[in-house]
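So this block is coords_21.txt, compact mmCIF, C-alpha atoms and all ligand atoms:
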# COMPACT_ATOMS: atom_id res chain seq x y z
CA MET E 1 -32.56 -53.16 22.13
CA SER E 2 -34.18 -49.90 21.06
CA THR E 3 -37.71 -49.97 19.71
CA SER E 4 -37.10 -47.46 16.91
CA GLN E 5 -34.49 -45.25 15.40
CA ILE E 6 -34.68 -41.69 14.12
CA PRO E 7 -32.48 -40.78 11.14
CA PHE E 8 -30.09 -37.84 11.48
CA LEU E 9 -27.19 -36.26 9.62
CA LYS E 10 -24.35 -34.04 10.74
CA GLY E 11 -23.12 -31.07 8.73
CA HIS E 12 -21.35 -27.76 9.02
CA GLY E 13 -20.85 -24.42 7.31
CA THR E 14 -17.48 -22.82 8.11
CA GLU E 15 -17.43 -25.11 11.16
CA ASN E 16 -20.73 -23.87 12.55
CA ASP E 17 -22.05 -27.40 13.04
CA PHE E 18 -25.55 -28.81 13.07
CA VAL E 19 -27.50 -31.94 13.82
CA ILE E 20 -29.91 -32.36 10.89
CA VAL E 21 -33.18 -34.15 11.65
CA PRO E 22 -35.35 -34.90 8.60
CA ASP E 23 -39.00 -35.01 9.63
CA PRO E 24 -41.08 -34.12 6.54
CA ASP E 25 -44.46 -34.57 8.23
CA ASN E 26 -43.52 -32.78 11.48
CA ALA E 27 -44.19 -35.96 13.42
CA LEU E 28 -41.40 -35.67 16.00
CA ASP E 29 -41.76 -34.08 19.42
CA LEU E 30 -38.69 -31.82 19.78
CA PRO E 31 -38.99 -29.77 22.99
CA ALA E 32 -35.96 -27.74 24.10
CA SER E 33 -34.74 -30.54 26.39
CA VAL E 34 -34.54 -33.01 23.47
CA VAL E 35 -32.76 -30.52 21.20
CA ALA E 36 -30.27 -29.70 23.97
CA ARG E 37 -29.59 -33.43 24.51
CA LEU E 38 -28.95 -33.99 20.80
CA CYS E 39 -26.63 -30.96 20.60
CA ASP E 40 -24.69 -31.94 23.74
CA ARG E 41 -21.10 -32.65 22.67
CA ARG E 42 -20.50 -35.28 25.33
CA ALA E 43 -23.86 -36.85 26.10
CA GLY E 44 -25.34 -36.46 22.60
CA ILE E 45 -24.36 -36.06 18.95
CA GLY E 46 -23.06 -32.52 19.35
CA GLY E 47 -23.73 -29.33 17.45
CA ASP E 48 -24.08 -25.55 17.67
CA GLY E 49 -27.68 -26.00 16.62
CA LEU E 50 -30.28 -28.31 15.11
CA LEU E 51 -31.89 -28.14 11.68
CA HIS E 52 -35.35 -29.72 11.81
CA VAL E 53 -36.30 -30.39 8.18
CA VAL E 54 -40.07 -30.14 7.77
CA ARG E 55 -42.41 -29.59 4.84
CA SER E 56 -43.70 -26.02 5.18
CA ALA E 57 -47.28 -27.23 4.74
CA ALA E 58 -46.87 -29.49 7.80
CA HIS E 59 -45.63 -26.80 10.21
CA PRO E 60 -47.93 -24.19 11.80
CA GLU E 61 -45.21 -21.51 11.67
CA ALA E 62 -44.55 -22.07 7.96
CA SER E 63 -47.78 -23.16 6.28
CA ASP E 64 -48.36 -19.61 4.99
CA MET E 65 -45.01 -19.88 3.11
CA ALA E 66 -45.75 -23.32 1.60
CA GLU E 67 -46.60 -21.95 -1.84
CA GLN E 68 -43.25 -20.16 -2.09
CA ALA E 69 -41.03 -22.74 -0.36
CA GLU E 70 -41.74 -26.45 0.01
CA TRP E 71 -39.30 -26.90 2.93
CA PHE E 72 -39.14 -25.12 6.31
CA MET E 73 -35.91 -24.79 8.30
CA ASP E 74 -37.13 -25.13 11.90
CA TYR E 75 -33.85 -23.93 13.43
CA ARG E 76 -32.97 -24.39 17.12
CA ASN E 77 -29.97 -23.23 19.10
CA ALA E 78 -27.86 -25.73 21.08
CA ASP E 79 -29.76 -24.93 24.29
CA GLY E 80 -33.05 -25.70 22.51
CA SER E 81 -34.12 -22.07 22.13
CA ILE E 82 -35.70 -20.91 18.88
CA ALA E 83 -34.07 -18.37 16.56
CA GLU E 84 -35.50 -16.51 13.61
CA MET E 85 -32.70 -17.30 11.22
CA CYS E 86 -29.38 -19.11 10.80
CA GLY E 87 -27.21 -18.18 7.83
CA ASN E 88 -24.78 -21.09 7.96
CA GLY E 89 -27.68 -23.38 8.76
CA VAL E 90 -29.67 -22.45 5.68
CA ARG E 91 -26.72 -23.33 3.41
CA VAL E 92 -26.32 -26.72 5.11
CA PHE E 93 -30.10 -27.23 5.01
CA ALA E 94 -30.09 -26.61 1.23
CA ARG E 95 -27.13 -28.99 0.80
CA TYR E 96 -29.10 -31.70 2.65
CA LEU E 97 -32.17 -31.18 0.43
CA GLN E 98 -29.94 -31.43 -2.66
CA ARG E 99 -28.15 -34.63 -1.50
CA ALA E 100 -31.45 -36.24 -0.49
CA GLY E 101 -32.80 -35.56 -3.97
CA LEU E 102 -35.58 -33.41 -2.55
CA VAL E 103 -34.69 -30.42 -4.75
CA ASP E 104 -32.92 -29.94 -8.06
CA ASP E 105 -29.46 -28.43 -8.33
CA GLY E 106 -29.55 -24.72 -8.85
CA ASP E 107 -31.98 -22.33 -7.23
CA LEU E 108 -34.44 -23.07 -4.48
CA ALA E 109 -36.39 -21.31 -1.78
CA VAL E 110 -36.26 -22.19 1.93
CA ALA E 111 -38.87 -21.04 4.45
CA THR E 112 -37.45 -19.76 7.74
CA ARG E 113 -38.90 -17.85 10.68
CA GLY E 114 -37.15 -14.85 9.13
CA GLY E 115 -39.09 -15.28 5.87
CA VAL E 116 -38.43 -17.10 2.60
CA LYS E 117 -34.73 -17.18 1.59
CA ARG E 118 -33.54 -17.78 -1.98
CA VAL E 119 -30.58 -20.17 -2.20
CA HIS E 120 -28.28 -20.91 -5.10
CA LEU E 121 -26.23 -24.09 -4.88
CA ALA E 122 -23.93 -26.01 -7.13
CA LYS E 123 -23.25 -29.72 -6.67
CA ASP E 124 -19.99 -29.44 -4.76
CA GLY E 125 -19.40 -25.71 -4.76
CA ASP E 126 -20.22 -22.85 -2.47
CA VAL E 127 -23.77 -21.90 -1.62
CA THR E 128 -25.14 -18.37 -1.94
CA VAL E 129 -28.12 -17.20 0.09
CA SER E 130 -30.09 -13.99 -0.40
CA MET E 131 -30.40 -13.08 3.24
CA GLY E 132 -32.66 -10.04 2.90
CA ARG E 133 -31.99 -6.54 4.17
CA ALA E 134 -29.98 -5.60 7.23
CA VAL E 135 -31.82 -3.27 9.61
CA LEU E 136 -29.75 -0.85 11.71
CA PRO E 137 -32.10 0.69 14.29
CA GLY E 138 -29.43 3.12 15.47
CA SER E 139 -29.99 2.41 19.16
CA GLY E 140 -26.75 2.70 21.14
CA VAL E 141 -25.55 -0.48 22.81
CA THR E 142 -22.52 -1.42 24.84
CA VAL E 143 -20.94 -4.84 25.04
CA THR E 144 -18.70 -5.91 27.90
CA VAL E 145 -16.44 -8.89 28.35
CA ASP E 146 -13.82 -9.59 31.01
CA GLY E 147 -14.07 -6.01 32.32
CA ARG E 148 -13.62 -4.22 28.94
CA SER E 149 -16.51 -2.41 27.22
CA TRP E 150 -17.10 -1.16 23.67
CA ASP E 151 -19.83 0.76 21.89
CA ALA E 152 -21.55 -1.60 19.47
CA ARG E 153 -23.84 -1.33 16.46
CA ASN E 154 -27.28 -2.86 16.69
CA VAL E 155 -27.94 -4.81 13.46
CA SER E 156 -30.87 -7.11 12.71
CA MET E 157 -30.58 -9.82 10.07
CA GLY E 158 -33.97 -11.14 11.13
CA ASN E 159 -32.19 -12.16 14.35
CA PRO E 160 -30.44 -9.67 16.64
CA HIS E 161 -26.74 -8.74 16.58
CA ALA E 162 -24.47 -6.35 18.48
CA VAL E 163 -21.30 -5.63 16.47
CA ALA E 164 -18.28 -4.29 18.38
CA PHE E 165 -15.08 -3.17 16.62
CA VAL E 166 -12.21 -4.10 18.93
CA GLU E 167 -8.44 -3.66 18.92
CA ASP E 168 -7.64 -7.37 19.17
CA LEU E 169 -9.82 -10.49 18.80
CA ALA E 170 -8.22 -11.85 21.98
CA HIS E 171 -10.24 -9.17 23.78
CA ALA E 172 -13.33 -11.32 23.16
CA GLY E 173 -12.03 -13.48 26.00
CA ASP E 174 -11.75 -17.23 26.30
CA LEU E 175 -14.24 -20.08 26.58
CA ARG E 176 -15.10 -19.10 30.16
CA SER E 177 -15.89 -15.51 29.18
CA VAL E 178 -19.55 -14.57 28.90
CA PRO E 179 -20.09 -11.22 27.17
CA SER E 180 -22.90 -9.01 28.42
CA PHE E 181 -24.71 -6.07 26.82
CA GLY E 182 -26.69 -3.03 27.81
CA PRO E 183 -29.16 -1.53 28.02
CA ALA E 184 -31.11 -4.77 28.44
CA SER E 185 -34.21 -3.20 26.85
CA VAL E 186 -32.55 -3.07 23.39
CA TYR E 187 -32.48 -6.86 23.13
CA PRO E 188 -35.38 -8.25 25.17
CA ASP E 189 -34.84 -11.73 23.65
CA GLY E 190 -31.04 -11.72 23.95
CA VAL E 191 -28.46 -11.06 21.25
CA ASN E 192 -25.59 -12.51 19.25
CA ILE E 193 -22.40 -10.54 19.95
CA GLU E 194 -19.69 -10.09 17.30
CA PHE E 195 -16.14 -8.84 17.97
CA VAL E 196 -14.45 -7.48 14.84
CA VAL E 197 -10.97 -6.35 13.72
CA ASP E 198 -9.77 -5.04 10.37
CA ARG E 199 -7.64 -7.21 8.11
CA GLY E 200 -7.43 -4.90 5.06
CA PRO E 201 -9.64 -2.93 2.67
CA ARG E 202 -13.16 -4.40 2.90
CA HIS E 203 -11.71 -7.36 4.76
CA VAL E 204 -12.43 -8.05 8.43
CA ALA E 205 -12.09 -10.87 10.93
CA MET E 206 -14.53 -11.68 13.71
CA ARG E 207 -15.36 -13.89 16.65
CA VAL E 208 -18.91 -14.45 17.78
CA HIS E 209 -20.72 -15.34 20.97
CA GLU E 210 -24.08 -16.71 19.89
CA ARG E 211 -27.31 -16.42 21.79
CA GLY E 212 -28.29 -19.94 22.85
CA SER E 213 -25.06 -21.62 21.71
CA GLY E 214 -22.06 -19.80 23.26
CA GLU E 215 -18.93 -19.05 21.26
CA THR E 216 -19.11 -20.76 17.86
CA ARG E 217 -16.56 -20.95 15.03
CA SER E 218 -18.83 -19.09 12.62
CA CYS E 219 -22.15 -17.30 12.30
CA GLY E 220 -23.60 -16.48 8.87
CA THR E 221 -26.10 -13.88 10.01
CA GLY E 222 -23.34 -12.46 12.23
CA ALA E 223 -20.98 -12.15 9.24
CA CYS E 224 -23.70 -10.27 7.31
CA ALA E 225 -24.30 -7.95 10.27
CA VAL E 226 -20.55 -7.36 10.58
CA ALA E 227 -20.11 -6.63 6.85
CA VAL E 228 -22.92 -4.07 6.84
CA ALA E 229 -21.72 -2.47 10.09
CA ALA E 230 -18.16 -2.26 8.68
CA ALA E 231 -19.46 -0.72 5.45
CA ARG E 232 -21.36 1.99 7.32
CA ARG E 233 -18.35 2.66 9.52
CA ASP E 234 -16.27 3.01 6.33
CA GLY E 235 -18.83 5.47 4.89
CA VAL E 236 -20.00 2.90 2.32
CA ASP E 237 -23.73 2.63 1.61
CA PRO E 238 -24.71 0.89 -1.66
CA ALA E 239 -28.12 2.60 -1.55
CA GLU E 240 -26.27 5.93 -1.97
CA THR E 241 -23.45 4.91 -4.32
CA GLY E 242 -25.59 2.66 -6.53
CA SER E 243 -22.80 0.03 -6.48
CA PRO E 244 -22.68 -3.28 -4.59
CA ALA E 245 -20.21 -3.49 -1.72
CA THR E 246 -18.45 -6.79 -1.02
CA TYR E 247 -16.69 -7.58 2.27
CA THR E 248 -14.63 -10.67 3.06
CA VAL E 249 -15.25 -11.89 6.60
CA ASP E 250 -12.78 -14.31 8.21
CA LEU E 251 -14.06 -16.42 11.07
CA PRO E 252 -12.28 -19.06 13.18
CA GLY E 253 -13.96 -21.77 11.04
CA GLY E 254 -13.50 -20.29 7.56
CA THR E 255 -14.34 -17.36 5.33
CA LEU E 256 -17.66 -15.93 4.15
CA VAL E 257 -18.12 -13.39 1.37
CA ILE E 258 -20.88 -10.85 1.90
CA THR E 259 -22.28 -8.48 -0.73
CA GLU E 260 -24.77 -5.70 -0.05
CA TYR E 261 -26.68 -4.37 -3.08
CA PRO E 262 -28.14 -0.92 -3.79
CA ASP E 263 -31.67 -2.24 -3.08
CA GLY E 264 -30.48 -3.22 0.42
CA GLY E 265 -30.40 -6.98 -0.23
CA VAL E 266 -27.49 -8.88 1.33
CA ASP E 267 -26.03 -12.04 -0.23
CA MET E 268 -23.83 -14.47 1.70
CA THR E 269 -21.58 -17.05 -0.01
CA GLY E 270 -19.79 -19.92 1.72
CA PRO E 271 -19.40 -23.68 1.97
CA ALA E 272 -21.92 -26.24 3.19
CA VAL E 273 -20.68 -29.72 4.08
CA LEU E 274 -22.44 -32.94 5.11
CA VAL E 275 -20.10 -35.13 7.15
CA ALA E 276 -22.07 -38.10 8.48
CA GLU E 277 -25.41 -39.76 8.81
CA GLY E 278 -26.81 -42.25 11.27
CA ALA E 279 -29.69 -43.16 13.54
CA ILE E 280 -30.72 -41.80 16.93
CA ASP E 281 -31.84 -44.34 19.54
CA SER E 282 -35.36 -43.19 20.37
CA ASP E 283 -35.27 -44.86 23.82
CA TRP E 284 -32.19 -42.80 24.72
CA LEU E 285 -33.78 -39.65 23.35
CA ALA E 286 -36.96 -40.27 25.36
CA THR E 287 -34.92 -39.91 28.56
CA ALA E 288 -34.56 -36.20 27.68
CA LEU E 289 -38.33 -35.64 27.56
N1 LIG I 1 -25.15 -19.60 13.64
C1 LIG I 1 -26.23 -18.94 13.02
C2 LIG I 1 -27.12 -18.11 13.90
C3 LIG I 1 -27.96 -19.01 14.80
C4 LIG I 1 -29.01 -18.27 15.60
C5 LIG I 1 -28.45 -17.40 16.69
N2 LIG I 1 -27.73 -18.13 17.69
C6 LIG I 1 -29.62 -16.64 17.35
O1 LIG I 1 -30.09 -17.03 18.42
O2 LIG I 1 -30.07 -15.65 16.76
C7 LIG I 1 -25.87 -18.29 11.71
O3 LIG I 1 -25.03 -18.87 11.00
O4 LIG I 1 -26.48 -17.29 11.34
Mind converting the file's structure to structure tokens?
Amino acid sequence: MSTSQIPFLKGHGTENDFVIVPDPDNALDLPASVVARLCDRRAGIGGDGLLHVVRSAAHPEASDMAEQAEWFMDYRNADGSIAEMCGNGVRVFARYLQRAGLVDDGDLAVATRGGVKRVHLAKDGDVTVSMGRAVLPGSGVTVTVDGRSWDARNVSMGNPHAVAFVEDLAHAGDLRSVPSFGPASVYPDGVNIEFVVDRGPRHVAMRVHERGSGETRSCGTGACAVAVAAARRDGVDPAETGSPATYTVDLPGGTLVITEYPDGGVDMTGPAVLVAEGAIDSDWLATAL
């Protein structure tokens, strides 16, 4: 019989799935080994990542944002590594806060390692997040998978992305394929790699290999990086035209709509779904420590 249980929920955004662990006072010890155990699809609950829900004031990395955002999304990849930002995760995080009655419907702010993000949510509708500006450093990168290489665009959405336009999404390989990139110095902390094809005017499709999680069925920051990279490739820059540019991005797990504004801000709209809740056996979890 276990001595205590830790509440959790499971949710996804365009099938990028997360274990959600509410811990308002930041009382839980969640080293990488514990996160990896929880995200393990056979030995644990399973997820592409973990959303640790903490009051900003209670977390050393977020206390300086507490006045702007009551809640901090302490995001972890499936291997337990830390990332600056997760676009699908922040929508699911906001949905959890709404369902738990911790925020009102409508607009809220969420603290992340990538700064404070403004979120707009309706009770059962899509969620829109103001993701901030995309940064395109211009450094040349190459991505390689299964012996094929492409030039890629380096795009930061707070976390790093390499966006490669390919002829066929099948070129991104299969589950055994591990893309690589170069030169290594461009991404000292690793990178998320997106493979993109055109579907129509301002409409693309992508697959993604995420840093710390492997191939996932969606990546919100990746879709933003892809939309901005596709716009620049198409000669579209809202800062120059003065008009917003909207791209539809299809992913294996669903569709995200990305709009870049003349001030450089990027909005992402998509679903956020809670699918289950339960309790983690703390004795089992302790075996991962
Ligand atoms: N799936 C996320 C991105 C999660 C972080 C990424 N793996 C990284 O290490 O930067 C999204 O929806 O943005």
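When all atoms listed in the file are used to measure the gap to ligand LIG 1 (chain I), the shortest distance among E:Tyr187, E:Tyr247, E:Phe195, E:Tyr96 belongs to E:Tyr187.
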_Excluding range 157-163 of chain E and its own-chain neighbours fewer than 2 positions away, which residues fall within 9 Å of it when counting all atoms listed in the file? Please give them as a ChimeraX atom specification._
/E:83-86,113-115,131-135,141-143,151-155,165,181,187,189-196,221-222,224-226,229
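Across E:Gly106, E:Pro188, E:Gly214, E:Gly49, the tightest approach to Thr128 in chain E is made by E:Gly106 when counting only C-alpha atoms.
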Neighbours of Phe8 in chain E within 10 Å (all atoms listed in the file; same-chain residues fewer than 4 positions away dropped), as a short mmCIF file (atom, residue, chain, number, x, y, z; two decimals) with C-alpha atoms, in the coordinates of the input?
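Listed below is the output, out02.cif:
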data_model
loop_
_atom_site.label_atom_id
_atom_site.label_comp_id
_atom_site.auth_asym_id
_atom_site.auth_seq_id
_atom_site.Cartn_x
_atom_site.Cartn_y
_atom_site.Cartn_z
CA VAL E 19 -27.50 -31.94 13.82
CA ILE E 20 -29.91 -32.36 10.89
CA VAL E 21 -33.18 -34.15 11.65
CA PRO E 22 -35.35 -34.90 8.60
CA ASP E 23 -39.00 -35.01 9.63
CA ILE E 45 -24.36 -36.06 18.95
CA LEU E 51 -31.89 -28.14 11.68
CA HIS E 52 -35.35 -29.72 11.81
CA ALA E 276 -22.07 -38.10 8.48
CA GLU E 277 -25.41 -39.76 8.81
CA GLY E 278 -26.81 -42.25 11.27
CA ALA E 279 -29.69 -43.16 13.54
CA ILE E 280 -30.72 -41.80 16.93
#
Can you report as AutoDock Vina command-line options the centre and edge lengths in Å, to one decimal, of an axis-aligned box around the listed atoms of range 194-202 of chain E padded with 3 Å on each side?
--center_x -13.6 --center_y -6.5 --center_z 10.3 --size_x 18.3 --size_y 13.2 --size_z 21.3
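When only C-alpha atoms and all ligand atoms are used to measure the gap to ligand LIG 1 (chain I), the shortest distance among E:Val178, E:Ala66, E:Ile82, E:Ala100 belongs to E:Ile82.
Shortest separation to Asp281 in chain E among E:Leu97, E:Ile6, E:Ala170, E:Met268 occurs at residue E:Ile6, atoms counted being all atoms listed in the file.
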*So which residues touch Ala27 in chain E within 10 Å, counting all atoms listed in the file, skipping near sequence neighbours fewer than 5 positions away, as a PyMOL selection string?*
chain E and resi 54+58-59
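Closest approach to ligand LIG 1 (chain I) among E:Asp48, E:Asp25, E:Asp237, E:Asp104 is made by E:Asp48 (distances from all atoms listed in the file).
Put simply, CA of Gly87 in chain E is 5.3 Å away from atom C1 of ligand LIG 1 (chain I).
With only C-alpha atoms as the atoms that count, the residue of E:Val197, E:Ala69, E:Ala78, E:Val249 with the shortest distance to Gly44 in chain E is E:Ala78.
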*asked:* List as a ChimeraX atom specification the protein and nucleic acid residues near Asp29 in chain E, meaning an atom at most 10 Å away when all atoms listed in the file are counted, but skip any in the same chain fewer than 6 places from it.
replied: /E:35,286,289
*Could you give me, as a ChimeraX atom specification, the residues that sit within 12 Å of (-43.6, -27.3, 3.1) in the file's coordinates, counting all atoms listed in the file?*
/E:23-26,53-74,102,109-112,116
Write range 201-237 of chain E as a compact mmCIF listing (two decimals), keeping the file's coordinate frame, completed to N, CA and C atoms.
# COMPACT_ATOMS: atom_id res chain seq x y z
N PRO E 201 -8.50 -3.62 3.26
CA PRO E 201 -9.64 -2.93 2.67
C PRO E 201 -10.81 -3.90 2.45
N ARG E 202 -11.95 -3.57 3.00
CA ARG E 202 -13.16 -4.40 2.90
C ARG E 202 -12.90 -5.86 3.28
N HIS E 203 -12.08 -6.03 4.28
CA HIS E 203 -11.71 -7.36 4.76
C HIS E 203 -11.59 -7.30 6.28
N VAL E 204 -12.43 -8.06 6.96
CA VAL E 204 -12.43 -8.05 8.43
C VAL E 204 -12.33 -9.47 8.95
N ALA E 205 -12.05 -9.58 10.25
CA ALA E 205 -12.09 -10.87 10.93
C ALA E 205 -12.94 -10.72 12.18
N MET E 206 -13.60 -11.79 12.57
CA MET E 206 -14.53 -11.68 13.71
C MET E 206 -14.52 -12.96 14.56
N ARG E 207 -14.95 -12.77 15.80
CA ARG E 207 -15.36 -13.89 16.65
C ARG E 207 -16.79 -13.60 17.08
N VAL E 208 -17.50 -14.65 17.44
CA VAL E 208 -18.91 -14.45 17.78
C VAL E 208 -19.28 -15.27 19.01
N HIS E 209 -20.11 -14.64 19.85
CA HIS E 209 -20.72 -15.34 20.97
C HIS E 209 -22.21 -15.39 20.67
N GLU E 210 -22.69 -16.60 20.35
CA GLU E 210 -24.08 -16.71 19.89
C GLU E 210 -25.06 -16.89 21.04
N ARG E 211 -26.17 -16.20 20.91
CA ARG E 211 -27.31 -16.42 21.79
C ARG E 211 -27.69 -17.92 21.71
N GLY E 212 -27.79 -18.56 22.84
CA GLY E 212 -28.29 -19.94 22.85
C GLY E 212 -27.28 -21.01 22.49
N SER E 213 -26.06 -20.61 22.11
CA SER E 213 -25.06 -21.62 21.71
C SER E 213 -23.67 -21.34 22.26
N GLY E 214 -23.40 -20.14 22.78
CA GLY E 214 -22.06 -19.80 23.26
C GLY E 214 -21.15 -19.41 22.10
N GLU E 215 -19.84 -19.41 22.36
CA GLU E 215 -18.93 -19.05 21.26
C GLU E 215 -18.94 -20.17 20.22
N THR E 216 -19.14 -19.79 18.96
CA THR E 216 -19.11 -20.76 17.86
C THR E 216 -17.98 -20.35 16.91
N ARG E 217 -17.66 -21.24 15.95
CA ARG E 217 -16.56 -20.95 15.03
C ARG E 217 -17.02 -20.17 13.81
N SER E 218 -18.32 -19.91 13.73
CA SER E 218 -18.83 -19.09 12.62
C SER E 218 -20.29 -18.77 12.86
N CYS E 219 -20.73 -17.67 12.26
CA CYS E 219 -22.15 -17.30 12.30
C CYS E 219 -22.45 -16.55 11.01
N GLY E 220 -23.32 -17.09 10.18
CA GLY E 220 -23.60 -16.48 8.87
C GLY E 220 -24.35 -15.17 8.99
N THR E 221 -25.40 -15.15 9.82
CA THR E 221 -26.10 -13.88 10.01
C THR E 221 -25.17 -12.87 10.67
N GLY E 222 -24.30 -13.35 11.57
CA GLY E 222 -23.34 -12.46 12.23
C GLY E 222 -22.37 -11.85 11.22
N ALA E 223 -21.90 -12.67 10.26
CA ALA E 223 -20.98 -12.15 9.24
C ALA E 223 -21.67 -11.09 8.38
N CYS E 224 -22.96 -11.29 8.08
CA CYS E 224 -23.70 -10.27 7.31
C CYS E 224 -23.82 -8.98 8.13
N ALA E 225 -24.17 -9.13 9.41
CA ALA E 225 -24.30 -7.95 10.27
C ALA E 225 -22.97 -7.20 10.35
N VAL E 226 -21.89 -7.96 10.48
CA VAL E 226 -20.55 -7.36 10.58
C VAL E 226 -20.19 -6.63 9.28
N ALA E 227 -20.46 -7.26 8.13
CA ALA E 227 -20.11 -6.63 6.85
C ALA E 227 -20.85 -5.31 6.67
N VAL E 228 -22.14 -5.30 7.01
CA VAL E 228 -22.92 -4.07 6.84
C VAL E 228 -22.47 -3.01 7.85
N ALA E 229 -22.20 -3.43 9.09
CA ALA E 229 -21.72 -2.47 10.09
C ALA E 229 -20.36 -1.89 9.67
N ALA E 230 -19.48 -2.75 9.11
CA ALA E 230 -18.16 -2.26 8.68
C ALA E 230 -18.31 -1.30 7.50
N ALA E 231 -19.23 -1.62 6.60
CA ALA E 231 -19.46 -0.72 5.45
C ALA E 231 -19.91 0.66 5.93
N ARG E 232 -20.87 0.70 6.85
CA ARG E 232 -21.36 1.99 7.32
C ARG E 232 -20.26 2.75 8.05
N ARG E 233 -19.48 2.03 8.84
CA ARG E 233 -18.35 2.66 9.52
C ARG E 233 -17.37 3.24 8.52
N ASP E 234 -17.20 2.55 7.37
CA ASP E 234 -16.27 3.01 6.33
C ASP E 234 -16.90 4.08 5.42
N GLY E 235 -18.15 4.46 5.73
CA GLY E 235 -18.83 5.47 4.89
C GLY E 235 -19.36 4.89 3.59
N VAL E 236 -19.53 3.57 3.54
CA VAL E 236 -20.00 2.90 2.32
C VAL E 236 -21.47 2.52 2.50
N ASP E 237 -22.32 3.02 1.60
CA ASP E 237 -23.73 2.63 1.61
C ASP E 237 -24.18 2.42 0.17
